[in-house]
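To keep things clear, I will list the structure first and then write my remarks on it.
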Amino acid sequence: MAAFVGNVASAASLFVAPATAAATSSRAVAMPRGRVAAASGRRVPTMVERPSVDQANVDRYASLPLNGKVFAEYIWLGGKSAVDVNGAKQCLDPDDIRSKTKVVKGVPSGPEDLPSWNFDGSSTGQAPGDDSEVILKPVAMFPDPFRGSPHVLVLCDCYTPQGEPIPSNTRAPAKALMDKVADQKPWFGIEQEYTLLDLDGKPLGWPKMGFPAPQGPYYCGAGAMRAIGRELADAHARACLYAGIELSGVNLEVMLSQLEYQVGPCEGINSGDQMWVARYIMLRLCEEFNCIASLHPKPMTEGEWNGAGCHTNFSTEAMRQEGGYKVIKECMPKLEAAHEKHIAVYGVDNDARLSGSFETQAIDKFSWGVADRGASIRIGRDVEAAGKGYFEDRRPGSNIDPYVVTAALVETCLL
């Protein structure tokens with residue numbers, strides 16, 4: 001990737017004390033998993049088929065004039081997107097992204113033109129039934145790739161009626177941290193790996209009994225026996241670019257039916273905003289493609305198969321300027337000292353992925369190196385040669401909360 005990086009709830013609440021981190025990372029919150037694991041650690045519920053839809057009917061109504069009205073799809077993160085476990089915020093379900101449609105008059109120019117709204121928090125695990133109202137505050141707006149212009153996707157923060165961030169709102173403390181270091185211009189580039197499953201929870205395109213040929217030919221491969229999901233990946237890339245997401249690349253990954261897209265470089269809180277909206281777009285596309293994009297970090301627990309990560313590239317303005325390599329190296333002892341704190345928020349079941357094999361460092365060890373994909377932190381050969389650039393944190397699992405991970409890197413390296 002290119003040169004990447006950059007009282008609300010306390011920023012420290014995104015972390016966990018080192019004494020409890022090991023317990024968290026070693027399945028204190030793990031759930032039973034079968035041969036194929038779902039994004040949350042549980043087996044994917046069996047769903048043989050979805051109802052078919054006549055696209056001609058959809059298109060017929062999509063062309064009707066709306067008399068100056070615009071659909072604004074309000075998007076927010078549900079209760080399982082951030083749960084307190086041993087003092088750390090854990091993303092138990094990265095697919096817990098909710099939305100509903102508000103009809104507004106005229107085309108909004110930004111989130112500031114849109115009103116706050118509310119929803120029933122008792123139905124999303126974010127409020128009790130006797131005081132269920134949660135307030136949605138628009139924070140970012142994107143062109144809607146599903147309905148087309150002039151309709152919009154609206155990312156929202158969740159607050160109590162009294163104006164306090166609700167416990168699952170990890171954006172608010174992350175933004176507070178980003179505001180503190182805004183002068184350092186932190187950039188982030190996030191590499192989202194995912195595994196395509198059919199609606200029965202089996203890897204898409206795999207034999208129903210047994211396994212495909214061993215991994216090796218699938219990474220960036222081509223051909224009917226080596227490339228599964230290219231059509232969905234291309235549709236997702238186009239939809240993200242239409243929406244204004246800073247999507248910078250797409251590729252097939254090491255395991256068959258595993259793919260990756262990269263979002264960034266983005267500065268500050270914009271990184272988490274764009275990643276969550278890119279995930280939402282993928283979920284919507286999976287409705288149309290009748291498949292599941294699993295974000296479990298170790299979807300296949302039998303056989304010799306890679307896990308799925310969310311490598312996070314990070315830099316500041318000082319790292320990107322002459323002499324920046326020295327600044328990058330100065331971050332390494334800080335990251336090593338905070339290793340357990342980071343692991344605690346780097347993904348549920350991530351210990352199954354960080355085994356020390358399959359291009360990972362063991363979860364209980366920290367290392368860094370140039371061009372070393374078996375290290376916790378990799379520095380590119382080009383960065384070493386140029387004497388400036390960014391570093392790649394290879395520890396985050398595919399099911400992370402990007403707000404929490406980007407905030408953790410800022411807190412450790414810059415504060």
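Ligands are numbered from 1 in the order shown, chains are lettered A, B, ... in the order of the structure tokens, and residues start at 1 in each chain.
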Problem - Asp96 in chain A surroundings by only C-alpha atoms, 9 Å radius, close-in-sequence under 3 positions cut, as a PyMOL selection string - result: chain A and resi 76-81+92-93+124
Go ahead and write the selection's residues with N, CA, C and O atoms as a CSV table (one decimal), in the first residue's frame.
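Once written, selection_28.csv looks like this:
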chain,number,residue,atom,x,y,z
A,76,TRP,N,-25.9,3.0,11.7
A,76,TRP,CA,-25.3,3.1,13.0
A,76,TRP,C,-24.8,1.7,13.4
A,76,TRP,O,-25.2,0.7,12.8
A,77,LEU,N,-23.9,1.6,14.4
A,77,LEU,CA,-23.4,0.4,14.9
A,77,LEU,C,-24.2,-0.2,16.0
A,77,LEU,O,-24.5,0.6,17.0
A,78,GLY,N,-24.6,-1.5,16.0
A,78,GLY,CA,-25.4,-2.1,17.0
A,78,GLY,C,-24.7,-2.4,18.2
A,78,GLY,O,-23.5,-2.2,18.4
A,79,GLY,N,-25.4,-3.0,19.2
A,79,GLY,CA,-24.9,-3.2,20.5
A,79,GLY,C,-23.7,-4.2,20.6
A,79,GLY,O,-22.9,-4.1,21.4
A,80,LYS,N,-23.7,-5.2,19.6
A,80,LYS,CA,-22.6,-6.2,19.7
A,80,LYS,C,-21.3,-5.7,18.9
A,80,LYS,O,-20.4,-6.4,18.9
A,81,SER,N,-21.4,-4.5,18.4
A,81,SER,CA,-20.2,-4.0,17.7
A,81,SER,C,-19.1,-3.5,18.7
A,81,SER,O,-18.0,-3.4,18.4
A,92,LEU,N,-17.8,-8.0,19.2
A,92,LEU,CA,-18.3,-9.3,19.2
A,92,LEU,C,-19.0,-9.7,17.9
A,92,LEU,O,-19.1,-10.8,17.5
A,93,ASP,N,-19.5,-8.7,17.1
A,93,ASP,CA,-20.1,-8.9,15.9
A,93,ASP,C,-19.9,-7.8,14.9
A,93,ASP,O,-20.6,-6.8,15.0
A,124,THR,N,-31.8,-3.4,19.8
A,124,THR,CA,-30.4,-3.6,19.3
A,124,THR,C,-29.4,-3.8,20.4
A,124,THR,O,-28.2,-3.8,20.2
Practice task
Taking the chain letters and numbering used in this document, name the residues of range 196-287 of chain A that DSSP puts in helix (DSSP H, G or I), as a VMD selection string.
Solution key: chain A and resid 230 to 242 270 to 287
Practice task
Fewer than 3 positions away in the same chain doesn't count, so skip those; otherwise give me all residues within 10 Å of Met275 in chain A, counting only C-alpha atoms, as JSON, numbers by chain.
Solution key: {"A": [189, 190, 191, 192, 245, 246, 247, 262, 263, 264, 266, 270, 271, 272, 278, 279, 280, 281, 401, 402, 403]}
N, CA and C atoms of the current selection, written as a PDB file, in the first residue's frame:
ATOM      1  N   GLY A 189      -4.212   3.289   6.792  1.00  0.00           N
ATOM      2  CA  GLY A 189      -4.664   2.484   5.664  1.00  0.00           C
ATOM      3  C   GLY A 189      -4.985   1.101   6.194  1.00  0.00           C
ATOM      4  N   ILE A 190      -6.233   0.667   6.047  1.00  0.00           N
ATOM      5  CA  ILE A 190      -6.678  -0.589   6.647  1.00  0.00           C
ATOM      6  C   ILE A 190      -6.956  -1.618   5.556  1.00  0.00           C
ATOM      7  N   GLU A 191      -6.405  -2.806   5.734  1.00  0.00           N
ATOM      8  CA  GLU A 191      -6.554  -3.902   4.771  1.00  0.00           C
ATOM      9  C   GLU A 191      -7.556  -4.912   5.324  1.00  0.00           C
ATOM     10  N   GLN A 192      -8.768  -4.878   4.784  1.00  0.00           N
ATOM     11  CA  GLN A 192      -9.836  -5.741   5.291  1.00  0.00           C
ATOM     12  C   GLN A 192      -9.888  -7.062   4.533  1.00  0.00           C
ATOM     13  N   ILE A 245     -15.699   6.445  -0.870  1.00  0.00           N
ATOM     14  CA  ILE A 245     -14.766   5.747   0.006  1.00  0.00           C
ATOM     15  C   ILE A 245     -13.382   5.757  -0.635  1.00  0.00           C
ATOM     16  N   GLU A 246     -12.344   6.002   0.160  1.00  0.00           N
ATOM     17  CA  GLU A 246     -10.968   6.019  -0.352  1.00  0.00           C
ATOM     18  C   GLU A 246     -10.445   4.587  -0.495  1.00  0.00           C
ATOM     19  N   LEU A 247     -11.130   3.811  -1.303  1.00  0.00           N
ATOM     20  CA  LEU A 247     -10.700   2.439  -1.544  1.00  0.00           C
ATOM     21  C   LEU A 247      -9.503   2.459  -2.475  1.00  0.00           C
ATOM     22  N   GLN A 262      -8.633  -2.651   0.463  1.00  0.00           N
ATOM     23  CA  GLN A 262      -7.890  -1.692   1.283  1.00  0.00           C
ATOM     24  C   GLN A 262      -8.574  -0.332   1.247  1.00  0.00           C
ATOM     25  N   VAL A 263      -8.703   0.279   2.402  1.00  0.00           N
ATOM     26  CA  VAL A 263      -9.299   1.610   2.520  1.00  0.00           C
ATOM     27  C   VAL A 263      -8.257   2.552   3.110  1.00  0.00           C
ATOM     28  N   GLY A 264      -7.913   3.592   2.361  1.00  0.00           N
ATOM     29  CA  GLY A 264      -6.956   4.566   2.839  1.00  0.00           C
ATOM     30  C   GLY A 264      -5.963   4.945   1.756  1.00  0.00           C
ATOM     31  N   CYS A 266      -6.458   7.440   4.956  1.00  0.00           N
ATOM     32  CA  CYS A 266      -7.445   8.377   5.496  1.00  0.00           C
ATOM     33  C   CYS A 266      -6.860   9.008   6.751  1.00  0.00           C
ATOM     34  N   ASN A 270     -11.651   9.808  10.098  1.00  0.00           N
ATOM     35  CA  ASN A 270     -12.200   9.467   8.792  1.00  0.00           C
ATOM     36  C   ASN A 270     -11.887   8.018   8.414  1.00  0.00           C
ATOM     37  N   SER A 271     -10.796   7.472   8.933  1.00  0.00           N
ATOM     38  CA  SER A 271     -10.443   6.089   8.627  1.00  0.00           C
ATOM     39  C   SER A 271     -11.499   5.118   9.145  1.00  0.00           C
ATOM     40  N   GLY A 272     -11.855   5.231  10.409  1.00  0.00           N
ATOM     41  CA  GLY A 272     -12.880   4.357  10.971  1.00  0.00           C
ATOM     42  C   GLY A 272     -14.222   4.567  10.314  1.00  0.00           C
ATOM     43  N   ALA A 278     -17.706   1.006   4.359  1.00  0.00           N
ATOM     44  CA  ALA A 278     -17.313  -0.014   3.383  1.00  0.00           C
ATOM     45  C   ALA A 278     -17.832  -1.383   3.803  1.00  0.00           C
ATOM     46  N   ARG A 279     -17.804  -1.684   5.085  1.00  0.00           N
ATOM     47  CA  ARG A 279     -18.362  -2.947   5.575  1.00  0.00           C
ATOM     48  C   ARG A 279     -19.864  -3.002   5.361  1.00  0.00           C
ATOM     49  N   TYR A 280     -20.539  -1.888   5.608  1.00  0.00           N
ATOM     50  CA  TYR A 280     -21.985  -1.843   5.382  1.00  0.00           C
ATOM     51  C   TYR A 280     -22.314  -2.101   3.912  1.00  0.00           C
ATOM     52  N   ILE A 281     -21.560  -1.488   3.024  1.00  0.00           N
ATOM     53  CA  ILE A 281     -21.777  -1.697   1.596  1.00  0.00           C
ATOM     54  C   ILE A 281     -21.586  -3.170   1.232  1.00  0.00           C
ATOM     55  N   ASP A 401     -12.850  -3.503  15.591  1.00  0.00           N
ATOM     56  CA  ASP A 401     -13.507  -2.202  15.489  1.00  0.00           C
ATOM     57  C   ASP A 401     -12.415  -1.210  15.078  1.00  0.00           C
ATOM     58  N   PRO A 402     -12.471  -0.657  13.864  1.00  0.00           N
ATOM     59  CA  PRO A 402     -11.390   0.240  13.421  1.00  0.00           C
ATOM     60  C   PRO A 402     -11.258   1.505  14.255  1.00  0.00           C
ATOM     61  N   TYR A 403     -12.329   1.953  14.886  1.00  0.00           N
ATOM     62  CA  TYR A 403     -12.198   3.109  15.774  1.00  0.00           C
ATOM     63  C   TYR A 403     -11.263   2.777  16.934  1.00  0.00           C
TER      64      TYR A 403
END
Completion exercise
Among A:Ile343, A:Ala62, A:Met178, A:Ala172, Glu267 in chain A is approached most closely, using only C-alpha atoms, by A:Met178
Problem - Members of range 15-231 of chain A assigned strand (DSSP E) by DSSP, as a ChimeraX atom specification - result: /A:69-77,83-85,88-90,97-105,117-120,133-143,152-159,187-197
Practice task
Fewer than 6 positions away in the same chain doesn't count, so skip those; otherwise give me all residues within 12 Å of range 206-211 of chain A, counting only C-alpha atoms, as a list in words.
Solution key: Arg35, Val36, Thr195, Leu196, Leu197, Asp198, Asp200, Met225, Arg226, Ala227, Ile228, Gly229, Met255, Leu256, Ser257, Gln258, Met300, Glu302, Gly303, Glu304 and Trp305 of chain A
File dump, residues just selected, C-alpha atoms, as a PDB file, in the first residue's frame:
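Final file, out_26.pdb:
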ATOM      1  CA  ARG A  35     -15.251 -26.453  11.351  1.00  0.00           C
ATOM      2  CA  VAL A  36     -16.386 -23.224   9.705  1.00  0.00           C
ATOM      3  CA  THR A 195     -13.976 -14.995   3.574  1.00  0.00           C
ATOM      4  CA  LEU A 196     -16.953 -15.692   1.331  1.00  0.00           C
ATOM      5  CA  LEU A 197     -19.340 -18.367   2.571  1.00  0.00           C
ATOM      6  CA  ASP A 198     -22.518 -19.743   1.048  1.00  0.00           C
ATOM      7  CA  ASP A 200     -25.109 -22.793   4.668  1.00  0.00           C
ATOM      8  CA  MET A 225     -10.404 -23.135 -10.157  1.00  0.00           C
ATOM      9  CA  ARG A 226      -8.418 -20.419  -8.392  1.00  0.00           C
ATOM     10  CA  ALA A 227     -10.567 -17.275  -8.240  1.00  0.00           C
ATOM     11  CA  ILE A 228     -13.829 -17.249  -6.285  1.00  0.00           C
ATOM     12  CA  GLY A 229     -15.719 -14.031  -5.576  1.00  0.00           C
ATOM     13  CA  MET A 255      -6.982 -19.103   0.997  1.00  0.00           C
ATOM     14  CA  LEU A 256      -9.519 -19.955  -1.695  1.00  0.00           C
ATOM     15  CA  SER A 257     -12.646 -17.757  -1.317  1.00  0.00           C
ATOM     16  CA  GLN A 258     -10.735 -15.254   0.831  1.00  0.00           C
ATOM     17  CA  MET A 300     -11.333 -22.627   8.740  1.00  0.00           C
ATOM     18  CA  GLU A 302      -9.295 -27.759  10.045  1.00  0.00           C
ATOM     19  CA  GLY A 303      -6.443 -28.020   7.583  1.00  0.00           C
ATOM     20  CA  GLU A 304      -3.572 -25.736   6.639  1.00  0.00           C
ATOM     21  CA  TRP A 305      -5.352 -22.480   5.845  1.00  0.00           C
TER      22      TRP A 305
END
Proximity of range 41-143 of chain A to range 151-162 of chain A: per-residue shortest pair, 10 Å limit, only C-alpha atoms, as a Markdown table:
| residue | atom | partner | partner_atom | distance |
| --- | --- | --- | --- | --- |
| A:Lys69 | CA | A:His151 | CA | 9.0 |
| A:Val70 | CA | A:His151 | CA | 5.4 |
| A:Phe71 | CA | A:His151 | CA | 5.1 |
| A:Ala72 | CA | A:Val152 | CA | 5.0 |
| A:Glu73 | CA | A:Leu153 | CA | 4.8 |
| A:Tyr74 | CA | A:Val154 | CA | 4.7 |
| A:Ile75 | CA | A:Leu155 | CA | 4.8 |
| A:Trp76 | CA | A:Cys156 | CA | 5.3 |
| A:Leu77 | CA | A:Asp157 | CA | 8.1 |
| A:Gly78 | CA | A:Cys158 | CA | 9.3 |
| A:Ser99 | CA | A:Val154 | CA | 9.1 |
| A:Lys100 | CA | A:Val154 | CA | 9.9 |
| A:Thr101 | CA | A:Leu153 | CA | 9.2 |
| A:Lys102 | CA | A:Val154 | CA | 9.8 |
| A:Val103 | CA | A:His151 | CA | 9.5 |
| A:Val104 | CA | A:His151 | CA | 9.7 |
| A:Gly106 | CA | A:His151 | CA | 9.9 |
| A:Val107 | CA | A:His151 | CA | 7.7 |
| A:Pro108 | CA | A:Val152 | CA | 8.5 |
| A:Gly110 | CA | A:Val154 | CA | 9.1 |
| A:Pro111 | CA | A:Val154 | CA | 7.1 |
| A:Leu114 | CA | A:Val154 | CA | 8.8 |
| A:Ser116 | CA | A:Cys156 | CA | 8.8 |
| A:Trp117 | CA | A:Cys156 | CA | 9.4 |
| A:Asn118 | CA | A:Cys158 | CA | 8.8 |
| A:Phe119 | CA | A:Cys158 | CA | 9.6 |
| A:Gly121 | CA | A:Cys158 | CA | 9.7 |
| A:Gln126 | CA | A:Cys158 | CA | 9.2 |
| A:Ala127 | CA | A:Thr160 | CA | 9.0 |
| A:Asp131 | CA | A:Pro161 | CA | 9.8 |
| A:Ser132 | CA | A:Thr160 | CA | 9.4 |
| A:Glu133 | CA | A:Pro161 | CA | 7.1 |
| A:Val134 | CA | A:Thr160 | CA | 5.4 |
| A:Ile135 | CA | A:Tyr159 | CA | 5.0 |
| A:Leu136 | CA | A:Cys158 | CA | 5.0 |
| A:Lys137 | CA | A:Cys156 | CA | 5.1 |
| A:Pro138 | CA | A:Cys156 | CA | 4.3 |
| A:Val139 | CA | A:Cys156 | CA | 5.3 |
| A:Ala140 | CA | A:Leu155 | CA | 5.1 |
| A:Met141 | CA | A:Val154 | CA | 4.6 |
| A:Phe142 | CA | A:Leu153 | CA | 5.0 |
| A:Pro143 | CA | A:Val152 | CA | 4.6 |
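Close contacts of range 348-359 of chain A, defined as residues with an atom at most 6 Å away when counting only C-alpha atoms, with chain neighbours fewer than 2 positions off set aside, comprise A:Ala30, A:Pro297, A:Lys298, A:Asn306, A:Gly307, A:Gln361, A:Ala362, A:Ile363, A:Arg373, A:Gly374, A:Gly397.
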For the selection you just gave me, I'd like the residues written to a file as a compact mmCIF listing (two decimals), in the first residue's frame, keeping N, CA and C atoms.
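Written out: out29.txt:
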# COMPACT_ATOMS: atom_id res chain seq x y z
N ALA A 30 -14.38 -16.05 23.88
CA ALA A 30 -14.56 -16.91 22.71
C ALA A 30 -15.84 -17.72 22.84
N PRO A 297 -11.57 -14.18 12.17
CA PRO A 297 -10.13 -14.20 11.90
C PRO A 297 -9.55 -15.57 11.59
N LYS A 298 -10.28 -16.64 11.88
CA LYS A 298 -9.80 -17.98 11.53
C LYS A 298 -11.02 -18.81 11.09
N ASN A 306 -4.77 -20.13 5.86
CA ASN A 306 -4.53 -18.82 6.47
C ASN A 306 -5.75 -18.30 7.19
N GLY A 307 -5.51 -17.47 8.20
CA GLY A 307 -6.58 -16.73 8.82
C GLY A 307 -6.85 -15.44 8.04
N GLN A 361 2.97 -13.58 13.67
CA GLN A 361 3.76 -13.79 14.87
C GLN A 361 2.83 -14.37 15.94
N ALA A 362 3.36 -15.16 16.85
CA ALA A 362 2.57 -15.73 17.93
C ALA A 362 1.95 -14.61 18.76
N ILE A 363 0.76 -14.86 19.27
CA ILE A 363 0.00 -13.81 19.95
C ILE A 363 0.71 -13.30 21.20
N ARG A 373 6.88 -10.63 7.01
CA ARG A 373 5.44 -10.86 7.18
C ARG A 373 5.13 -11.83 8.31
N GLY A 374 6.15 -12.31 8.98
CA GLY A 374 5.95 -13.12 10.17
C GLY A 374 6.15 -12.32 11.45
N GLY A 397 -7.04 -8.62 13.89
CA GLY A 397 -7.84 -9.60 13.19
C GLY A 397 -8.88 -8.93 12.31
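Closest approach to Leu295 in chain A among A:Ile400, A:Ala235, A:Ala337, A:Met319: A:Ile400, based on only C-alpha atoms.
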Practice task
Please provide as a ChimeraX atom specification all residues within 7 Å of Trp368 in chain A, with the sequence filter that same-chain residues fewer than 6 positions apart are discarded (counting only C-alpha atoms).
Solution key: /A:375-378
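In this comparison, which uses only C-alpha atoms, the residue of A:Gly268, A:Met332, A:Asn313, A:Ala344 approaching Gly380 in chain A most closely is A:Asn313.
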Completion exercise
CA of Pro186 in chain A sits from CA of Val410 in chain A at a separation of 7.8 Å
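Among the candidates A:Glu287, A:Glu322, A:Asp382, A:Glu411, the one nearest to Ala338 in chain A when counting only C-alpha atoms is A:Glu411.
When CA of Pro65 in chain A is paired with CA of Arg98 in chain A, their separation reads 26.8 Å.
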